[in-house]
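Data block for protein06.pdb (PDB, C-alpha atoms):
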ATOM      1  CA  MET A1441      38.090 -69.116 -44.036
ATOM      2  CA  THR A1442      39.636 -71.718 -41.768
ATOM      3  CA  THR A1443      37.977 -74.714 -40.118
ATOM      4  CA  ALA A1444      38.442 -73.082 -36.702
ATOM      5  CA  THR A1445      36.668 -69.898 -37.849
ATOM      6  CA  ILE A1446      33.761 -71.906 -39.211
ATOM      7  CA  TRP A1447      33.329 -73.794 -35.942
ATOM      8  CA  ILE A1448      33.563 -70.631 -33.828
ATOM      9  CA  VAL A1449      30.815 -69.099 -35.972
ATOM     10  CA  ILE A1450      28.639 -72.226 -35.789
ATOM     11  CA  ILE A1451      28.890 -72.500 -32.004
ATOM     12  CA  GLY A1452      28.717 -68.755 -31.290
ATOM     13  CA  LEU A1453      25.728 -68.334 -33.552
ATOM     14  CA  GLY A1454      24.066 -71.429 -32.100
ATOM     15  CA  ILE A1455      24.364 -70.247 -28.496
ATOM     16  CA  GLY A1456      23.481 -66.622 -29.292
ATOM     17  CA  THR A1457      20.417 -67.587 -31.310
ATOM     18  CA  TYR A1458      19.196 -69.901 -28.561
ATOM     19  CA  LEU A1459      19.523 -67.142 -25.942
ATOM     20  CA  ILE A1460      17.517 -64.748 -28.149
ATOM     21  CA  ARG A1461      14.765 -67.354 -28.523
ATOM     22  CA  PHE A1462      14.736 -68.217 -24.818
ATOM     23  CA  SER A1463      14.830 -64.566 -23.692
ATOM     24  CA  PHE A1464      11.239 -63.543 -22.984
ATOM     25  CA  LEU A1465       9.636 -66.973 -22.933
ATOM     26  CA  GLY A1466      12.249 -68.310 -20.528
ATOM     27  CA  LEU A1467      12.609 -65.355 -18.176
ATOM     28  CA  ILE A1468       9.106 -63.891 -17.983
ATOM     29  CA  GLY A1469       7.465 -67.299 -17.914
ATOM     30  CA  GLY A1470       4.022 -67.336 -16.355
ATOM     31  CA  ARG A1471       3.959 -63.768 -15.045
ATOM     32  CA  GLU A1472       1.103 -61.614 -16.370
ATOM     33  CA  LEU A1473       1.992 -58.976 -18.937
ATOM     34  CA  PRO A1474       0.251 -55.577 -18.949
ATOM     35  CA  GLU A1475      -2.536 -55.121 -21.485
ATOM     36  CA  TRP A1476      -0.647 -52.553 -23.588
ATOM     37  CA  VAL A1477       2.254 -54.997 -24.036
ATOM     38  CA  LEU A1478      -0.119 -57.805 -25.039
ATOM     39  CA  ARG A1479      -1.790 -55.473 -27.521
ATOM     40  CA  HIS A1480       1.550 -54.852 -29.249
ATOM     41  CA  LEU A1481       2.560 -58.511 -29.154
ATOM     42  CA  ARG A1482      -0.554 -59.456 -31.132
ATOM     43  CA  TYR A1483       1.055 -57.762 -34.152
ATOM     44  CA  VAL A1484       4.507 -59.360 -34.015
ATOM     45  CA  ALA A1485       3.873 -61.834 -36.849
ATOM     46  CA  VAL A1486       2.273 -59.317 -39.215
ATOM     47  CA  GLY A1487       4.885 -56.724 -38.239
ATOM     48  CA  VAL A1488       8.001 -58.824 -38.831
ATOM     49  CA  MET A1489       7.191 -61.096 -41.752
ATOM     50  CA  PRO A1490       6.024 -58.594 -44.396
ATOM     51  CA  ALA A1491       9.227 -56.591 -43.752
ATOM     52  CA  LEU A1492      11.282 -59.783 -43.960
ATOM     53  CA  ILE A1493       9.964 -60.781 -47.393
ATOM     54  CA  THR A1494       9.335 -57.424 -49.099
ATOM     55  CA  PRO A1495      12.989 -56.993 -50.216
ATOM     56  CA  LEU A1496      13.067 -60.624 -51.406
ATOM     57  CA  VAL A1497      10.028 -59.949 -53.577
ATOM     58  CA  ILE A1498      11.103 -56.609 -55.025
ATOM     59  CA  TRP A1499      14.872 -57.107 -55.287
ATOM     60  CA  PRO A1500      15.389 -60.879 -55.686
ATOM     61  CA  ASP A1501      18.982 -62.144 -55.453
ATOM     62  CA  ALA A1502      18.368 -64.639 -58.263
ATOM     63  CA  THR A1503      17.934 -61.794 -60.783
ATOM     64  CA  GLY A1504      20.857 -59.805 -59.387
ATOM     65  CA  GLY A1505      18.499 -57.512 -57.463
ATOM     66  CA  GLU A1506      16.467 -56.438 -60.514
ATOM     67  CA  PRO A1507      12.656 -56.434 -60.055
ATOM     68  CA  ASP A1508      11.217 -59.374 -61.988
ATOM     69  CA  PRO A1509       7.635 -59.315 -63.372
ATOM     70  CA  SER A1510       7.002 -63.045 -62.892
ATOM     71  CA  ARG A1511       8.047 -62.881 -59.234
ATOM     72  CA  LEU A1512       6.013 -59.721 -58.539
ATOM     73  CA  ILE A1513       2.883 -61.222 -60.096
ATOM     74  CA  ALA A1514       3.405 -64.539 -58.295
ATOM     75  CA  ALA A1515       3.670 -62.688 -54.957
ATOM     76  CA  LEU A1516       0.491 -60.753 -55.734
ATOM     77  CA  ALA A1517      -1.346 -63.956 -56.716
ATOM     78  CA  ALA A1518      -0.372 -65.705 -53.458
ATOM     79  CA  PHE A1519      -1.402 -62.627 -51.469
ATOM     80  CA  LEU A1520      -4.804 -62.216 -53.144
ATOM     81  CA  VAL A1521      -5.727 -65.908 -52.926
ATOM     82  CA  GLY A1522      -4.565 -66.033 -49.297
ATOM     83  CA  ILE A1523      -6.552 -63.007 -48.167
ATOM     84  CA  LYS A1524      -9.681 -63.982 -50.166
ATOM     85  CA  THR A1525      -9.890 -67.696 -49.442
ATOM     86  CA  ASN A1526      -8.168 -67.926 -46.064
ATOM     87  CA  SER A1527      -6.320 -70.979 -47.404
ATOM     88  CA  VAL A1528      -2.531 -71.211 -46.941
ATOM     89  CA  VAL A1529      -2.126 -74.157 -49.313
ATOM     90  CA  GLY A1530      -4.338 -72.499 -51.941
ATOM     91  CA  ALA A1531      -2.191 -69.364 -51.769
ATOM     92  CA  ILE A1532       1.059 -71.323 -52.165
ATOM     93  CA  VAL A1533      -0.356 -73.185 -55.183
ATOM     94  CA  ALA A1534      -1.604 -69.924 -56.740
ATOM     95  CA  GLY A1535       1.790 -68.271 -56.238
ATOM     96  CA  MET A1536       3.842 -71.107 -57.686
ATOM     97  CA  VAL A1537       1.440 -71.643 -60.632
ATOM     98  CA  ALA A1538       1.621 -67.908 -61.415
ATOM     99  CA  LEU A1539       5.433 -67.956 -61.133
ATOM    100  CA  TYR A1540       5.971 -70.939 -63.437
ATOM    101  CA  GLY A1541       3.119 -69.918 -65.786
ATOM    102  CA  ILE A1542       4.508 -66.438 -66.405
ATOM    103  CA  GLN A1543       8.101 -67.649 -66.684
ATOM    104  CA  TYR A1544       6.910 -70.185 -69.267
ATOM    105  CA  LEU A1545       5.006 -67.512 -71.235
ATOM    106  CA  LEU A1546       7.916 -65.056 -71.180
ATOM    107  CA  ASN A1547      10.487 -67.581 -72.410
TER
ATOM    108  CA  MET B 289       8.008 -74.135 -46.826
ATOM    109  CA  VAL B 290      11.051 -75.220 -44.857
ATOM    110  CA  VAL B 291      11.740 -77.550 -47.785
ATOM    111  CA  PRO B 292      13.023 -74.945 -50.273
ATOM    112  CA  PHE B 293      14.801 -73.039 -47.490
ATOM    113  CA  GLY B 294      16.604 -76.142 -46.201
ATOM    114  CA  LEU B 295      17.473 -77.314 -49.690
ATOM    115  CA  LEU B 296      18.880 -73.905 -50.616
ATOM    116  CA  PHE B 297      20.955 -73.691 -47.455
ATOM    117  CA  GLY B 298      22.486 -77.112 -48.086
ATOM    118  CA  VAL B 299      23.373 -76.113 -51.647
ATOM    119  CA  VAL B 300      24.756 -72.678 -50.737
ATOM    120  CA  ALA B 301      26.772 -73.963 -47.764
ATOM    121  CA  THR B 302      28.414 -76.635 -49.895
ATOM    122  CA  GLU B 303      29.186 -74.075 -52.592
ATOM    123  CA  ALA B 304      30.721 -71.831 -49.931
ATOM    124  CA  GLY B 305      33.112 -74.647 -49.008
ATOM    125  CA  LEU B 306      31.589 -76.084 -45.825
ATOM    126  CA  ASN B 307      31.859 -79.864 -45.494
ATOM    127  CA  LEU B 308      28.893 -82.065 -44.674
ATOM    128  CA  LEU B 309      29.566 -82.122 -40.911
ATOM    129  CA  GLU B 310      29.915 -78.326 -40.749
ATOM    130  CA  THR B 311      26.796 -77.742 -42.842
ATOM    131  CA  MET B 312      24.662 -80.073 -40.759
ATOM    132  CA  SER B 313      26.055 -78.844 -37.425
ATOM    133  CA  MET B 314      25.097 -75.310 -38.385
ATOM    134  CA  THR B 315      21.623 -76.415 -39.472
ATOM    135  CA  VAL B 316      20.982 -78.319 -36.239
ATOM    136  CA  LEU B 317      22.601 -75.880 -33.768
ATOM    137  CA  VAL B 318      21.400 -72.609 -35.278
ATOM    138  CA  ILE B 319      18.161 -73.787 -36.962
ATOM    139  CA  ALA B 320      17.528 -70.327 -38.480
ATOM    140  CA  GLY B 321      17.821 -70.110 -42.252
ATOM    141  CA  ALA B 322      18.153 -66.360 -42.800
ATOM    142  CA  ALA B 323      20.920 -66.000 -40.181
ATOM    143  CA  GLN B 324      22.763 -69.012 -41.607
ATOM    144  CA  PHE B 325      22.713 -67.444 -45.081
ATOM    145  CA  THR B 326      24.008 -64.177 -43.617
ATOM    146  CA  ALA B 327      26.836 -65.960 -41.788
ATOM    147  CA  LEU B 328      27.841 -67.854 -44.945
ATOM    148  CA  ALA B 329      27.901 -64.703 -47.058
ATOM    149  CA  LEU B 330      30.076 -62.876 -44.506
ATOM    150  CA  LEU B 331      32.396 -65.871 -44.070
ATOM    151  CA  GLN B 332      32.932 -65.860 -47.826
ATOM    152  CA  ASP B 333      33.657 -62.118 -47.700
ATOM    153  CA  GLN B 334      36.385 -62.856 -45.115
ATOM    154  CA  ALA B 335      34.679 -60.638 -42.522
ATOM    155  CA  PRO B 336      36.123 -60.763 -38.971
ATOM    156  CA  THR B 337      34.660 -63.667 -36.979
ATOM    157  CA  ILE B 338      32.987 -61.449 -34.400
ATOM    158  CA  VAL B 339      31.318 -59.398 -37.157
ATOM    159  CA  VAL B 340      30.005 -62.596 -38.758
ATOM    160  CA  ILE B 341      28.450 -63.734 -35.484
ATOM    161  CA  LEU B 342      26.989 -60.352 -34.496
ATOM    162  CA  ALA B 343      25.547 -59.616 -37.951
ATOM    163  CA  ALA B 344      23.897 -63.036 -38.131
ATOM    164  CA  LEU B 345      22.538 -62.576 -34.602
ATOM    165  CA  THR B 346      20.915 -59.248 -35.513
ATOM    166  CA  VAL B 347      19.074 -61.116 -38.273
ATOM    167  CA  ASN B 348      17.678 -63.290 -35.469
ATOM    168  CA  LEU B 349      16.666 -60.403 -33.194
ATOM    169  CA  ARG B 350      13.134 -60.767 -34.564
ATOM    170  CA  MET B 351      12.955 -63.994 -32.570
ATOM    171  CA  ALA B 352      13.088 -62.015 -29.320
ATOM    172  CA  MET B 353       9.765 -60.573 -30.481
ATOM    173  CA  TYR B 354       8.447 -64.077 -31.246
ATOM    174  CA  SER B 355       9.624 -65.168 -27.807
ATOM    175  CA  ALA B 356       7.706 -62.299 -26.201
ATOM    176  CA  ALA B 357       4.622 -62.950 -28.328
ATOM    177  CA  LEU B 358       4.532 -66.570 -27.155
ATOM    178  CA  VAL B 359       4.612 -65.608 -23.452
ATOM    179  CA  PRO B 360       0.804 -65.154 -23.191
ATOM    180  CA  HIS B 361       0.330 -68.603 -24.755
ATOM    181  CA  LEU B 362       3.160 -70.805 -23.502
ATOM    182  CA  GLY B 363       4.439 -68.786 -20.517
ATOM    183  CA  LYS B 364       2.559 -70.847 -17.937
ATOM    184  CA  THR B 365       4.187 -74.140 -18.946
ATOM    185  CA  SER B 366       7.192 -75.828 -17.263
ATOM    186  CA  LEU B 367      10.699 -74.494 -17.727
ATOM    187  CA  ARG B 368      11.622 -77.647 -19.647
ATOM    188  CA  THR B 369       8.769 -77.162 -22.098
ATOM    189  CA  ARG B 370       9.758 -73.534 -22.595
ATOM    190  CA  ALA B 371      13.402 -74.511 -23.093
ATOM    191  CA  PHE B 372      12.437 -76.958 -25.862
ATOM    192  CA  ALA B 373       9.911 -74.547 -27.366
ATOM    193  CA  SER B 374      12.686 -71.925 -27.547
ATOM    194  CA  TYR B 375      14.993 -74.232 -29.495
ATOM    195  CA  PHE B 376      12.297 -75.011 -32.089
ATOM    196  CA  MET B 377      11.149 -71.369 -32.429
ATOM    197  CA  ILE B 378      11.476 -70.764 -36.169
ATOM    198  CA  ASP B 379       9.488 -68.357 -38.342
ATOM    199  CA  GLN B 380       7.174 -71.125 -39.490
ATOM    200  CA  THR B 381       6.372 -72.802 -36.159
ATOM    201  CA  PHE B 382       5.748 -69.356 -34.684
ATOM    202  CA  ALA B 383       3.542 -68.120 -37.531
ATOM    203  CA  VAL B 384       1.474 -71.293 -37.810
ATOM    204  CA  SER B 385       0.952 -71.566 -34.038
ATOM    205  CA  ILE B 386       0.072 -67.897 -33.491
ATOM    206  CA  LYS B 387      -2.429 -68.030 -36.350
ATOM    207  CA  LYS B 388      -4.110 -71.041 -34.713
ATOM    208  CA  TYR B 389      -4.058 -69.479 -31.215
ATOM    209  CA  GLU B 390      -5.754 -66.329 -32.521
ATOM    210  CA  ARG B 391      -8.501 -68.445 -34.068
ATOM    211  CA  ASN B 392      -9.005 -70.489 -30.888
ATOM    212  CA  PRO B 393      -8.831 -68.075 -27.949
ATOM    213  CA  HIS B 394     -10.479 -70.626 -25.624
ATOM    214  CA  TRP B 395      -7.531 -73.069 -25.888
ATOM    215  CA  GLY B 396      -5.722 -73.879 -22.633
ATOM    216  CA  PRO B 397      -1.916 -74.052 -22.230
ATOM    217  CA  SER B 398      -1.740 -77.836 -22.735
ATOM    218  CA  GLN B 399      -3.618 -77.659 -26.043
ATOM    219  CA  LYS B 400      -1.390 -74.788 -27.159
ATOM    220  CA  VAL B 401       1.763 -76.706 -26.248
ATOM    221  CA  ALA B 402       0.508 -79.801 -28.080
ATOM    222  CA  TYR B 403      -0.217 -77.755 -31.197
ATOM    223  CA  TYR B 404       3.171 -76.024 -31.040
ATOM    224  CA  PHE B 405       5.126 -79.265 -30.867
ATOM    225  CA  GLY B 406       2.852 -80.765 -33.514
ATOM    226  CA  CYS B 407       3.955 -77.969 -35.860
ATOM    227  CA  THR B 408       7.546 -78.566 -34.806
ATOM    228  CA  ALA B 409       7.299 -82.279 -35.617
ATOM    229  CA  ALA B 410       5.740 -81.468 -38.992
ATOM    230  CA  LEU B 411       8.325 -78.810 -39.932
ATOM    231  CA  CYS B 412      11.717 -79.221 -38.297
ATOM    232  CA  PRO B 413      12.603 -82.744 -39.568
ATOM    233  CA  PHE B 414      12.110 -81.374 -43.091
ATOM    234  CA  TRP B 415      14.474 -78.504 -42.327
ATOM    235  CA  TYR B 416      17.226 -80.940 -41.268
ATOM    236  CA  GLY B 417      16.434 -83.466 -43.996
ATOM    237  CA  PHE B 418      16.346 -81.070 -46.909
ATOM    238  CA  SER B 419      19.486 -79.239 -45.772
ATOM    239  CA  LEU B 420      21.162 -82.656 -45.933
ATOM    240  CA  ILE B 421      19.738 -83.378 -49.386
ATOM    241  CA  GLY B 422      20.782 -79.904 -50.566
ATOM    242  CA  ALA B 423      24.319 -80.479 -49.277
ATOM    243  CA  LEU B 424      24.477 -83.863 -51.000
ATOM    244  CA  VAL B 425      22.941 -83.050 -54.405
ATOM    245  CA  GLY B 426      24.552 -79.606 -54.535
ATOM    246  CA  GLN B 427      24.225 -77.695 -57.745
ATOM    247  CA  SER B 428      22.298 -80.286 -59.739
ATOM    248  CA  ILE B 429      19.063 -78.331 -59.106
ATOM    249  CA  PRO B 430      18.502 -76.146 -62.185
ATOM    250  CA  LYS B 431      18.156 -72.386 -61.624
ATOM    251  CA  GLU B 432      15.004 -72.385 -63.803
ATOM    252  CA  TYR B 433      13.044 -73.911 -60.918
ATOM    253  CA  SER B 434      13.265 -70.501 -59.170
ATOM    254  CA  LEU B 435      13.532 -72.365 -55.875
ATOM    255  CA  ASP B 436      14.611 -69.105 -54.228
ATOM    256  CA  PHE B 437      11.159 -67.661 -54.709
ATOM    257  CA  ALA B 438       9.313 -70.526 -53.044
ATOM    258  CA  ILE B 439      10.413 -68.949 -49.725
ATOM    259  CA  PRO B 440       8.664 -65.564 -50.102
ATOM    260  CA  ILE B 441       5.621 -67.285 -51.636
ATOM    261  CA  CYS B 442       5.270 -69.488 -48.561
ATOM    262  CA  PHE B 443       5.604 -66.555 -46.151
ATOM    263  CA  ILE B 444       3.067 -64.494 -48.111
ATOM    264  CA  SER B 445       0.648 -67.424 -48.103
ATOM    265  CA  LEU B 446       1.018 -67.801 -44.361
ATOM    266  CA  ILE B 447       0.527 -64.109 -43.583
ATOM    267  CA  ALA B 448      -2.166 -63.108 -46.104
ATOM    268  CA  PRO B 449      -5.006 -64.987 -44.343
ATOM    269  CA  MET B 450      -4.110 -63.131 -41.100
ATOM    270  CA  LEU B 451      -4.766 -59.758 -42.726
ATOM    271  CA  ARG B 452      -8.517 -59.924 -42.562
ATOM    272  CA  SER B 453      -8.811 -57.425 -39.711
ATOM    273  CA  LEU B 454      -8.020 -53.714 -40.055
ATOM    274  CA  PRO B 455      -5.279 -53.534 -37.365
ATOM    275  CA  HIS B 456      -3.459 -56.534 -38.857
ATOM    276  CA  LEU B 457      -3.705 -55.052 -42.354
ATOM    277  CA  ILE B 458      -2.376 -51.670 -41.213
ATOM    278  CA  ALA B 459       0.498 -53.301 -39.303
ATOM    279  CA  ALA B 460       1.472 -55.239 -42.434
ATOM    280  CA  LEU B 461       1.331 -52.107 -44.609
ATOM    281  CA  VAL B 462       3.559 -50.155 -42.206
ATOM    282  CA  SER B 463       5.919 -53.130 -42.117
ATOM    283  CA  ILE B 464       6.223 -53.214 -45.930
ATOM    284  CA  VAL B 465       6.581 -49.452 -46.406
ATOM    285  CA  LEU B 466       9.249 -49.117 -43.704
ATOM    286  CA  ALA B 467      11.161 -52.155 -44.995
ATOM    287  CA  LEU B 468      11.443 -50.348 -48.338
ATOM    288  CA  LEU B 469      12.235 -46.917 -46.894
ATOM    289  CA  LEU B 470      14.834 -48.209 -44.415
ATOM    290  CA  ALA B 471      16.491 -50.759 -46.716
ATOM    291  CA  TRP B 472      19.709 -48.698 -46.641
ATOM    292  CA  MET B 473      20.296 -49.493 -42.972
ATOM    293  CA  PRO B 474      23.062 -52.019 -42.163
ATOM    294  CA  TYR B 475      22.895 -55.205 -40.046
ATOM    295  CA  ASN B 476      19.203 -55.849 -40.623
ATOM    296  CA  LEU B 477      18.348 -52.928 -38.341
ATOM    297  CA  TRP B 478      15.629 -51.996 -40.833
ATOM    298  CA  LEU B 479      13.849 -55.245 -40.042
ATOM    299  CA  VAL B 480      13.702 -54.630 -36.296
ATOM    300  CA  ILE B 481      12.690 -50.964 -36.672
ATOM    301  CA  ALA B 482      10.051 -51.694 -39.314
ATOM    302  CA  ALA B 483       8.604 -54.453 -37.105
ATOM    303  CA  LEU B 484       8.457 -52.242 -33.995
ATOM    304  CA  PHE B 485       6.640 -49.432 -35.809
ATOM    305  CA  ALA B 486       4.292 -51.939 -37.454
ATOM    306  CA  MET B 487       3.410 -53.367 -34.035
ATOM    307  CA  MET B 488       2.701 -49.871 -32.709
ATOM    308  CA  ALA B 489       0.513 -49.129 -35.733
ATOM    309  CA  GLY B 490      -1.457 -52.345 -35.211
ATOM    310  CA  ALA B 491      -1.915 -51.719 -31.485
ATOM    311  CA  LYS B 492      -2.970 -48.083 -32.053
ATOM    312  CA  THR B 493      -5.505 -49.100 -34.697
ATOM    313  CA  GLU B 494      -6.951 -51.745 -32.387
ATOM    314  CA  LEU B 495      -7.305 -49.189 -29.593
ATOM    315  CA  TRP B 496      -8.892 -46.652 -31.932
ATOM    316  CA  LEU B 497     -11.428 -49.205 -33.209
ATOM    317  CA  ALA B 498     -12.312 -50.206 -29.650
ATOM    318  CA  GLN B 499     -12.791 -46.563 -28.572
ATOM    319  CA  ARG B 500     -14.925 -45.832 -31.608
ATOM    320  CA  SER B 501     -17.201 -48.801 -30.966
ATOM    321  CA  THR B 502     -17.760 -47.823 -27.313
ATOM    322  CA  GLN B 503     -18.564 -44.213 -28.270
ATOM    323  CA  SER B 504     -21.173 -45.083 -30.891
TER
END
Mind converting the file's structure to structure tokens?
Amino acid sequence: MTTATIWIVIIGLGIGTYLIRFSFLGLIGGRELPEWVLRHLRYVAVGVMPALITPLVIWPDATGGEPDPSRLIAALAAFLVGIKTNSVVGAIVAGMVALYGIQYLLN
Amino acid sequence: MVVPFGLLFGVVATEAGLNLLETMSMTVLVIAGAAQFTALALLQDQAPTIVVILAALTVNLRMAMYSAALVPHLGKTSLRTRAFASYFMIDQTFAVSIKKYERNPHWGPSQKVAYYFGCTAALCPFWYGFSLIGALVGQSIPKEYSLDFAIPICFISLIAPMLRSLPHLIAALVSIVLALLLAWMPYNLWLVIAALFAMMAGAKTELWLAQRSTQS
């Protein structure tokens, strides 16, 4: 890859990404959205993010795409603590402790 | 949670052969980790430039949905505010803000804007800073730290507390199942499709619960 290619990618990706982000917020602005649209938009975060991370949990790059018991259990620990206690920090701590704990036990 | 992501990007970009200026320009101009990783991987594979840009942009299509989801909250603010809010719209600022807005439905636009930029100030400097550190320290971070997995752990921790209502839980389940079933699709199309169906599932469940409670 040449320096020119890298810069074209950086600038093209920068502009394109900004336009995607600006799209609805910039163009619709303060106009009222219909109720059925609002109802769908309430589920954007819980619709996108589980799909985004599921492959990372089940087929992690670091293990060459092989499912890894310590990572699966760590994900489960973070999930259970998060949903039970409503605490983001608690869930992160639980997940990382489970990850390092199990890796330590298995080695 | 932007810490491990930023650090990893700095390391991976340097490994891929980008110099410090290129790495940091990408981090500041694009400010979207997953798309930056995609672009790097394709650049290393010698993919045509236009393919690199388009593939990385499809990874960011989810942000059009974030943009739409923020309209009810930030839509009534000035164009300048919305222009800045758009630049700083990353997974984490969006997720943290939306979670707070759902908990505090009485908040007015100015409070919502203040909270949004508060999140930005707490998150984005770390994204820049740790990309820089990653680019500088490079490969001296041992693989045993499993830094890669800090990213999913942080996302899970952010989302799990939102799943305490039935429609949210069902949307998340649909999202996970479709992500697995559609994983064969190219260009991250699976992500967009899984998200759209998950949103429909959540909205339908909400409607069904509302109808049931008015009937009984």
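For the set A:Val1533, A:Leu1453, A:Ala1538, A:Leu1512, the residue with the smallest atom-to-atom gap to chain B is A:Leu1453, counting only C-alpha atoms.
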Produce a table with one row for each residue of chain A that has an atom at most 7 Å from any atom of chain B, each row naming the nearest atom pair and its distance in Å at one decimal; use only C-alpha atoms; arrange rows by chain and rising residue number; format as a tab-separated table.
residue	atom	partner	partner_atom	distance
A:Met1441	CA	B:Leu331	CA	6.6
A:Thr1445	CA	B:Thr337	CA	6.6
A:Val1449	CA	B:Ile341	CA	5.9
A:Ile1450	CA	B:Met314	CA	5.4
A:Gly1452	CA	B:Ile341	CA	6.5
A:Leu1453	CA	B:Ile341	CA	5.7
A:Gly1454	CA	B:Val318	CA	4.3
A:Gly1456	CA	B:Leu345	CA	6.7
A:Thr1457	CA	B:Leu345	CA	6.4
A:Tyr1458	CA	B:Tyr375	CA	6.1
A:Ile1460	CA	B:Ala352	CA	5.3
A:Arg1461	CA	B:Ser374	CA	5.1
A:Phe1462	CA	B:Ser374	CA	5.0
A:Ser1463	CA	B:Ala352	CA	6.4
A:Phe1464	CA	B:Ala356	CA	4.9
A:Leu1465	CA	B:Ser355	CA	5.2
A:Gly1466	CA	B:Arg370	CA	6.1
A:Gly1469	CA	B:Gly363	CA	4.3
A:Gly1470	CA	B:Lys364	CA	4.1
A:Arg1479	CA	B:Ala491	CA	5.5
A:His1480	CA	B:Ala491	CA	5.2
A:Leu1481	CA	B:Ala357	CA	5.0
A:Arg1482	CA	B:Ala357	CA	6.8
A:Tyr1483	CA	B:Met487	CA	5.0
A:Val1484	CA	B:Met487	CA	6.1
A:Ala1485	CA	B:Ala383	CA	6.3
A:Val1486	CA	B:Ala460	CA	5.3
A:Gly1487	CA	B:Ala483	CA	4.5
A:Val1488	CA	B:Ala483	CA	4.7
A:Pro1490	CA	B:Ile464	CA	5.6
A:Ala1491	CA	B:Ala467	CA	5.0
A:Leu1492	CA	B:Leu479	CA	6.5
A:Ile1493	CA	B:Pro440	CA	5.6
A:Thr1494	CA	B:Ile464	CA	6.1
A:Leu1496	CA	B:Pro440	CA	6.7
A:Val1497	CA	B:Pro440	CA	6.7
A:Ala1515	CA	B:Ile441	CA	6.0
A:Ala1518	CA	B:Ser445	CA	5.7
A:Phe1519	CA	B:Ala448	CA	5.4
A:Gly1522	CA	B:Ala448	CA	5.0
A:Ile1523	CA	B:Pro449	CA	4.6
A:Asn1526	CA	B:Pro449	CA	4.6
A:Ser1527	CA	B:Pro449	CA	6.9
A:Val1528	CA	B:Ser445	CA	5.1
A:Ala1531	CA	B:Ser445	CA	5.0
A:Ile1532	CA	B:Ser445	CA	5.6
A:Gly1535	CA	B:Ile441	CA	6.1
How big is the axis-aligned box around all listed atoms of region 1459-1469 of chain A once 3 Å goes on each side, and where's its centre, in Å to one decimal, as lines of an AutoDock Vina configuration file?
center_x = 13.5
center_y = -65.9
center_z = -23.2
size_x = 18.1
size_y = 10.8
size_z = 16.6
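For the atom pair formed by CA of Cys412 (chain B) and CA of Leu1459 (chain A), the distance is 19.0 Å, given to one decimal.
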Skip Pro1500 (chain A) itself and residues of its chain fewer than 5 positions away, then list as a list in words all residues within 9 Å of it, counting only C-alpha atoms.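 After dropping sequence-adjacent residues, the list is Pro1495, Gly1505, Glu1506, Pro1507, Asp1508 and Arg1511 of chain A; Asp436 and Phe437 of chain B.
Here CA of Phe297 (chain B) is placed at a distance of 22.6 Å from CA of Ala1514 (chain A).
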CA of Leu296 (chain B) and CA of Gly321 (chain B), how far apart in Å?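 That distance, rounded to one decimal, is 9.2 Å.
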